[in-house]
Each structure stands twice: as structure tokens, then as C-alpha cells.
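**Student:** Please read through the structure below; I'll follow up with questions.
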Amino acid sequence: MSRLRSGLALLAALVAALIAWLAYPAGGVPILAYHQVNDEGGKYSISIRDFGEQMAYLTQQGYTAVTMAQLADFMAGEGPLPPKAVVITFDDGYADNFTNALPILEKYGLKATVFIITDKVGQPGYLAWDEIRQMRSRGIEIGSHTLGHLALNELDMPEKVRQVTVSKAILEKELGGQIGVLAYPYGLFDATLFDILRSAGYKGACAGVNGLNKPGDNPYSLKRINVGRDRIGLAEFRLRLLRAGIYSKLSL
Ligand SMILES: [Zn+2]
């Protein structure tokens with residue numbers, strides 16, 4: 001009986017140690033991935049209120065939002081990051097990023113990155129060039145989400161090159177300055193894209209893999225945390241951050 005009891009005590013201690021190890025911060029940088037911020041309830045939207053709560057939570061927890069370019073420099077050993085860095089990103093370039101997300105980001109002094117599909121600019125529901133320029137002048141980093149949002153891993157080499165280089169050239173012509181980051185449409189990529197992006201002058205690219213990012217990781221397959229619509233409120237957002245840390249530790 002006492003052997004059983006000491007066995008159970010040992011097991012309980014091991015479980016507690018495992019939970020503590022999994023829950024301990026993983027020491028990587030989270031990149032949050034958003035699409036739309038509105039109250040229309042679409043598949044890729046979160047409500048304005050939930051977004052506001054999440055940004056307030058990050059601020060209360062002492063996170064500092066940095067740009068993708070800052071993260072890429074840090075990962076290449078070329079620059080420091082604040083202790084609790086986070087990257088806030090938006091895919092596709094929806095108009096509500098300007099009307100709904102930007103005021104909340106500015107309220108909390110948070111930087112963010114918006115990845116633009118250049119073929120979609122100015123179309124209904126998407127950002128127009130003058131809105132993108134305003135966002136940029138108000139501290140938002142702009143990145144490429146390619147010309148036409150095709151799955152890059154399914155394209156032949158010349159078309160892969162065209163999707164990433166021409167979209168970059170269009171953004172640089174319209175906005176001035178350098179565009180250094182990209183998000184793969186659907187998060188899909190293959191290894192040929194690393195060299196293509198490096199040659200094209202990109203510093204980093206976001207993939208669709210869950211987890212956190214550490215120095216030495218491949219900057220052309222950055223992990224992200226997809227933030228979908230909350231069903232159980234802020235607890236779900238906190239769980240997503242925690243889960244990405246666990247994925248990172250287990251190298252899933
Ligand atoms: Zn997309």
C-alpha cells in the first residue's frame with residue numbers, strides 16, 4: 001500500500017513537472033495572424049470588441065509590439081528586441097484594418113504589419129492605396145502577400161518569382177522605401193522559395209505553421225499564431241499564446 005502511495009506521489013510529481021515545463025514561457029517571439037476586424041461575423045473576422053480586449057491584454061501583460069523587419073534582424077543576430085516582443089500581423093489587406101483595427105492599435109501604441117495582395121488594392125472591401133499610405137505614415141509596416149494570392153508551392157519557378165518580385169516592386173513604387181517581408185498565401189511554401197525571396201531582397205516570410213520564433217530559425221518560414229474568432233472570450237486568446245509556446249517546445 002505504501003509502495004502504491006509513493007508510486008502515485010512520484011507520478012503526481014512527474015505530471016506537475018511536465019505541466020510546469022509546458023507552461024513556462026518558451027522564450028520565442030509570437031507572431032499573431034489576423035485577417036478582418038469587424039462585427040459581420042465572417043469566417044476570417046474577429047469582432048472589434050474582442051480585438052480591443054486582446055490588444056489591451058497584450059499591453060497589460062507587458063508585451064511590446066515590434067515589426068516583422070525588427071524580428072528578422074533579431075533572428076539574424078543583427079539587432080536587439082525588447083524582452084516581451086510580439087508581432088501583430090494582418091493578411092490580405094482588408095479595408096477594416098484601417099477603419100477598425102488602426103484606431104485600437106494607436107490607442108495602445110502598438111505597431112503592426114499588414115500584408116497586401118497588390119491585385120486587390122482598391123477593390124470593394126480592400127484597402128485603397130491612400131489608406132495604405134496613411135497606415136504606413138502612422139507606424140504600420142507594409143508587407144507583400146503576393147500579386148494574386150495563389151498557393152506559391154503549386155506554381156512553376158518563373159511564376160513564383162513573378163508573384164513575389166512584382167508585388168514587391170508595385171508596393172515600393174506606390175509607397176516608396178523598401179518592402180522587406182512577405183506572408184505566403186494560405187501559409188503554403190516550399191524550400192525553393194527561400195532563395196527566391198532572399199534574392200528578391202526579402203528579410204523574412206511568414207508561414208502557416210503554429211509556434212514561436214527564435215534566433216537561428218529559418219527567417220523564411222516564420223511561425224505564426226492564427227487568431228480566429230473567439231467563442232469563449234479572452235481565455236481562448238491566452239490559450240492560443242500558451243499553445244504556440246508548447247508547440248515550439250515540442251518542435252511540432
Ligand atoms: Zn491571405
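Naming works like this for the C-alpha cells: A, B, ... for the chains as they're shown, residue 1 at the start of each chain, ligands 1 onward in shown order.
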Applying 7 Å and only C-alpha atoms, which residues near segment 146-163 of chain A remain after dropping the ones on its own chain fewer than 5 positions away? List them as a list in words.

**Tutor:**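 Result of the neighbour search: Ile117, Thr118, Asp119, Pro185, Tyr186, Leu188, Phe189, Asp190 and Ile196 of chain A.
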
**Student:** Using only C-alpha atoms and all ligand atoms, find each residue of chain A with at least one atom at most 9 Å away from an atom of ligand 1; report its shortest atom-to-atom pair and that distance in Å (one decimal), sort the rows by chain and rising residue number, and return the result as a tab-separated table.

**Tutor:**
residue	atom	partner	partner_atom_place_in_ligand_line	distance
A:His35	CA	ligand 1	1 (Zn)	7.7
A:Phe90	CA	ligand 1	1 (Zn)	8.7
A:Asp91	CA	ligand 1	1 (Zn)	5.0
A:Asp92	CA	ligand 1	1 (Zn)	4.8
A:Gly93	CA	ligand 1	1 (Zn)	8.6
A:Phe115	CA	ligand 1	1 (Zn)	8.1
A:Ile116	CA	ligand 1	1 (Zn)	8.6
A:Ile117	CA	ligand 1	1 (Zn)	7.8
A:His145	CA	ligand 1	1 (Zn)	6.7
A:His149	CA	ligand 1	1 (Zn)	6.4
A:Ala183	CA	ligand 1	1 (Zn)	7.8
A:Tyr184	CA	ligand 1	1 (Zn)	7.4
A:Pro185	CA	ligand 1	1 (Zn)	4.7
A:Tyr186	CA	ligand 1	1 (Zn)	5.6
A:Gly187	CA	ligand 1	1 (Zn)	7.8

**Student:** So what do you get for atom CA of Ile88 of chain A versus atom CA of Lys111 of chain A, distance-wise?

**Tutor:**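 Answer for the atom CA of Ile88 of chain A to atom CA of Lys111 of chain A separation: 7.2 Å.
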
**Student:** In terms of the shortest atom-to-atom distance over only C-alpha atoms, which of A:Gly211, A:Gly27, A:Pro219, A:Gly122 is closest to Gly180 of chain A?

**Tutor:**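 Distance minimum relative to Gly180 of chain A lands on A:Pro219.
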
**Student:** Quick one: pick out all strand (DSSP E or B) residues within segment 22-131 of chain A from a backbone DSSP run and write them as a count of residues only.

**Tutor:** 26

**Student:** Quote the spacing between atom CA of Phe74 of chain A and atom CA of Gly28 of chain A in Å to one decimal place.

**Tutor:**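 We find that atom CA of Phe74 of chain A and atom CA of Gly28 of chain A lie 11.4 Å from each other.
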
**Student:** Write out as JSON lines the residues of segment 103-190 of chain A that have any atom within 8 Å of an atom of segment 52-66 of chain A, one row each with the nearest atom pair and its distance in Å to one decimal, counting only C-alpha atoms, sorted by chain and then rising number.

**Tutor:**
{"residue": "A:Ile104", "atom": "CA", "partner": "A:Gly52", "partner_atom": "CA", "distance": 6.2}
{"residue": "A:Leu105", "atom": "CA", "partner": "A:Met55", "partner_atom": "CA", "distance": 7.2}
{"residue": "A:Tyr108", "atom": "CA", "partner": "A:Thr59", "partner_atom": "CA", "distance": 7.0}
{"residue": "A:Leu110", "atom": "CA", "partner": "A:Ala65", "partner_atom": "CA", "distance": 5.4}
{"residue": "A:Lys111", "atom": "CA", "partner": "A:Ala65", "partner_atom": "CA", "distance": 5.3}
{"residue": "A:Ala112", "atom": "CA", "partner": "A:Ala65", "partner_atom": "CA", "distance": 7.0}

**Student:** Keeping only N, CA and C atoms, write the selected residues to a file as a PDB file, in the first residue's frame.

**Tutor:**
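Dumped everything to again.pdb:
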ATOM      1  N   ILE A 104      -7.580  51.136 -32.674  1.00  0.00           N
ATOM      2  CA  ILE A 104      -7.297  50.356 -31.459  1.00  0.00           C
ATOM      3  C   ILE A 104      -5.785  50.191 -31.283  1.00  0.00           C
ATOM      4  N   LEU A 105      -5.082  49.898 -32.364  1.00  0.00           N
ATOM      5  CA  LEU A 105      -3.622  49.775 -32.291  1.00  0.00           C
ATOM      6  C   LEU A 105      -3.010  51.090 -31.800  1.00  0.00           C
ATOM      7  N   TYR A 108      -3.347  51.856 -28.016  1.00  0.00           N
ATOM      8  CA  TYR A 108      -2.393  51.167 -27.145  1.00  0.00           C
ATOM      9  C   TYR A 108      -0.943  51.367 -27.575  1.00  0.00           C
ATOM     10  N   LEU A 110       0.542  50.287 -30.318  1.00  0.00           N
ATOM     11  CA  LEU A 110       1.086  49.019 -30.820  1.00  0.00           C
ATOM     12  C   LEU A 110       1.394  49.119 -32.316  1.00  0.00           C
ATOM     13  N   LYS A 111       2.584  48.661 -32.692  1.00  0.00           N
ATOM     14  CA  LYS A 111       2.932  48.562 -34.110  1.00  0.00           C
ATOM     15  C   LYS A 111       2.265  47.318 -34.700  1.00  0.00           C
ATOM     16  N   ALA A 112       2.134  47.286 -36.014  1.00  0.00           N
ATOM     17  CA  ALA A 112       1.583  46.088 -36.660  1.00  0.00           C
ATOM     18  C   ALA A 112       2.065  46.040 -38.106  1.00  0.00           C
TER      19      ALA A 112
END

**Student:** Looking at A:Arg229, A:Ala207, A:Asp217, A:Arg3, which one is nearest to Asp39 of chain A, with distances taken over only C-alpha atoms?

**Tutor:**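 Once distances to Asp39 of chain A are computed over only C-alpha atoms, the minimum belongs to A:Arg229.
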
**Student:** Write out, as a Markdown table, each residue of segment 136-221 of chain A that has an atom at most 12 Å from segment 77-85 of chain A, together with the closest pair of atoms and their distance in Å to one decimal, counting only C-alpha atoms, rows going by chain and rising number.

**Tutor:**
| residue | atom | partner | partner_atom | distance |
| --- | --- | --- | --- | --- |
| A:Lys203 | CA | A:Glu78 | CA | 11.6 |
| A:Leu212 | CA | A:Ala85 | CA | 11.0 |
| A:Asn213 | CA | A:Ala85 | CA | 10.6 |
| A:Lys214 | CA | A:Gly77 | CA | 10.5 |
| A:Pro215 | CA | A:Gly77 | CA | 6.9 |
| A:Gly216 | CA | A:Gly77 | CA | 8.1 |
| A:Asp217 | CA | A:Gly77 | CA | 11.0 |
| A:Pro219 | CA | A:Gly77 | CA | 11.4 |

**Student:** Can I get the selection written as a PDB file, in the first residue's frame, with C-alpha atoms?

**Tutor:**
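Okay, this is what ended up in selection06.pdb:
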ATOM      1  CA  LYS A 203      14.355  39.612 -44.975  1.00  0.00           C
ATOM      2  CA  LEU A 212       7.118  30.859 -31.734  1.00  0.00           C
ATOM      3  CA  ASN A 213      10.279  32.219 -33.365  1.00  0.00           C
ATOM      4  CA  LYS A 214      13.823  32.089 -32.015  1.00  0.00           C
ATOM      5  CA  PRO A 215      17.210  33.339 -33.254  1.00  0.00           C
ATOM      6  CA  GLY A 216      18.712  30.833 -35.660  1.00  0.00           C
ATOM      7  CA  ASP A 217      15.339  29.662 -37.016  1.00  0.00           C
ATOM      8  CA  PRO A 219      13.547  33.592 -41.340  1.00  0.00           C
TER       9      PRO A 219
END

**Student:** May I have the residues within 8 Å of Leu32 of chain A as a list in words, using only C-alpha atoms and disregarding those fewer than 4 positions away in the same chain?

**Tutor:**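 My reading of the contact set: Val86, Val87, Ile88, Thr89, Arg224, Ile225, Asn226 and Val227 of chain A.
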
**Student:** With N, CA, C and O atoms retained, write the just-selected residues as a PDB file, in the first residue's frame.

**Tutor:**
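Printed below is part.pdb as written:
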ATOM      1  N   VAL A  86       6.221  41.005 -29.409  1.00  0.00           N
ATOM      2  CA  VAL A  86       5.165  40.313 -30.151  1.00  0.00           C
ATOM      3  C   VAL A  86       5.041  41.017 -31.501  1.00  0.00           C
ATOM      4  O   VAL A  86       5.325  42.213 -31.603  1.00  0.00           O
ATOM      5  N   VAL A  87       4.678  40.261 -32.549  1.00  0.00           N
ATOM      6  CA  VAL A  87       4.418  40.878 -33.846  1.00  0.00           C
ATOM      7  C   VAL A  87       2.932  40.677 -34.161  1.00  0.00           C
ATOM      8  O   VAL A  87       2.417  39.563 -34.062  1.00  0.00           O
ATOM      9  N   ILE A  88       2.260  41.780 -34.498  1.00  0.00           N
ATOM     10  CA  ILE A  88       0.825  41.741 -34.807  1.00  0.00           C
ATOM     11  C   ILE A  88       0.684  41.890 -36.317  1.00  0.00           C
ATOM     12  O   ILE A  88       1.111  42.903 -36.879  1.00  0.00           O
ATOM     13  N   THR A  89       0.115  40.886 -36.987  1.00  0.00           N
ATOM     14  CA  THR A  89       0.042  40.936 -38.448  1.00  0.00           C
ATOM     15  C   THR A  89      -1.390  40.736 -38.948  1.00  0.00           C
ATOM     16  O   THR A  89      -2.215  40.099 -38.283  1.00  0.00           O
ATOM     17  N   ARG A 224       3.509  31.278 -36.942  1.00  0.00           N
ATOM     18  CA  ARG A 224       2.501  32.257 -36.517  1.00  0.00           C
ATOM     19  C   ARG A 224       1.442  31.623 -35.629  1.00  0.00           C
ATOM     20  O   ARG A 224       1.303  30.411 -35.577  1.00  0.00           O
ATOM     21  N   ILE A 225       0.705  32.481 -34.971  1.00  0.00           N
ATOM     22  CA  ILE A 225      -0.451  32.047 -34.179  1.00  0.00           C
ATOM     23  C   ILE A 225      -1.681  32.613 -34.862  1.00  0.00           C
ATOM     24  O   ILE A 225      -1.864  33.836 -34.902  1.00  0.00           O
ATOM     25  N   ASN A 226      -2.475  31.751 -35.440  1.00  0.00           N
ATOM     26  CA  ASN A 226      -3.684  32.216 -36.112  1.00  0.00           C
ATOM     27  C   ASN A 226      -4.737  32.581 -35.073  1.00  0.00           C
ATOM     28  O   ASN A 226      -5.091  31.764 -34.232  1.00  0.00           O
ATOM     29  N   VAL A 227      -5.216  33.822 -35.122  1.00  0.00           N
ATOM     30  CA  VAL A 227      -6.228  34.254 -34.153  1.00  0.00           C
ATOM     31  C   VAL A 227      -7.582  34.288 -34.858  1.00  0.00           C
ATOM     32  O   VAL A 227      -7.894  35.220 -35.575  1.00  0.00           O
TER      33      VAL A 227
END

**Student:** Using only C-alpha atoms, can you tell me which of A:Asp96, A:Gly125, A:Gly109, A:Lys223 comes closest to Gly245 of chain A?

**Tutor:**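 Using only C-alpha atoms, the shortest distance to Gly245 of chain A belongs to A:Lys223.
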
**Student:** List as an MDAnalysis selection string the protein and nucleic acid residues near Ile179 of chain A, meaning an atom at most 7 Å away when only C-alpha atoms are counted, but skip any in the same chain fewer than 4 places from it.

**Tutor:** chainID A and resid 142:143 168 172

**Student:** Between atom CA of Arg49 of chain A and atom CA of Val29 of chain A, measure the distance and give it in Å to one decimal.

**Tutor:**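 Separating atom CA of Arg49 of chain A from atom CA of Val29 of chain A is a distance of 24.7 Å.
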